[in-house]
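S.K.: Let me begin by handing over the structure; questions about it come next.
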Amino acid sequence: MDQKIAKEDEFFHQHNQKLIEERRKKIDAKRAEEDKELRKNTHWMKCPKCGHDMEEVNIENILVDKCTECEGLFFDRDEVDTLIEVRGKTGFMGSLSKIFK
Ligand SMILES: [Zn+2]
């Protein structure tokens with residue numbers, strides 16, 4: 001009988017551990033999503049160098065984010081891809097294309 005109780009205890013212990021792990025994974029995933037949203041809200045359209053607001057400017061139909069303070073430029077990956085596609089992979093654009101996978 002003692003062995004049967006020990007096996008039942010072990011079963012419930014493992015079952016509870018599995019439930020705890022599943023809940024922990026859900027909580028971690030929720031926290032990661034909240035952190036991602038918080039970072040996005042905090043940094044969205046803010047200059048990565050000086051922290052001031054960025055504004056979109058249209059340069060030959062390519063939207064580029066320009067800092068309103070230091071005038072730094074930020075190109076989204078899609079915008080860089082479009083630029084490389086339009087300009088070709090020669091010279092500077094060729095070198096630029098090599099930094100992407
Ligand atoms: Zn700036």
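Labels used: A, B, ... for chains in the order of the structure tokens, numbers from 1 for residues in each chain, and numbers from 1 for ligands as shown.
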Among chain A, which ones does DSSP place in alpha helix (DSSP H), written as number ranges by chain?
M.R.: A: 2-43, 77-87, 91-97
S.K.: Within 8 Å of ligand 1, counting only C-alpha atoms and all ligand atoms, which protein or nucleic acid residues do you find, written as a PyMOL selection string?
M.R.: chain A and resi 46-54+66-72
S.K.: Within 10 Å of Thr82 (chain A), counting only C-alpha atoms, which residues show up once you throw out same-chain ones fewer than 6 positions away? Write them as a VMD selection string, please.
M.R.: chain A and resid 61 to 62 76 88
S.K.: Can you pull out the residues contacting Glu79 (chain A)? Cut-off 8 Å, using only C-alpha atoms, and skip same-chain residues under 4 positions away; I want them as number ranges by chain.
M.R.: A: 62-64, 75, 83
S.K.: Out of A:His13, A:Ala32, A:Lys101, A:Glu60, which residue has the shortest atom-to-atom distance to Arg87 (chain A) when counting only C-alpha atoms?
M.R.: A:Glu60
S.K.: List the neighbours of region 93-96 of chain A out to 10 Å using only C-alpha atoms; skip same-chain residues closer than 3 positions along the sequence, and give me the result as a VMD selection string.
M.R.: chain A and resid 80 to 81 83 to 90 99 to 100
S.K.: DSSP says strand (DSSP E or B) for which residues of chain A? Put them as a list in words?
M.R.: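 The strand (DSSP E or B) subset of chain A is Lys46, Asp53, Met54, Glu55, Glu56, Val57, Asn58, Ile59, Ile62, Leu63, Val64, Asp65, Lys66, Cys67, Leu73 and Phe74 of chain A.
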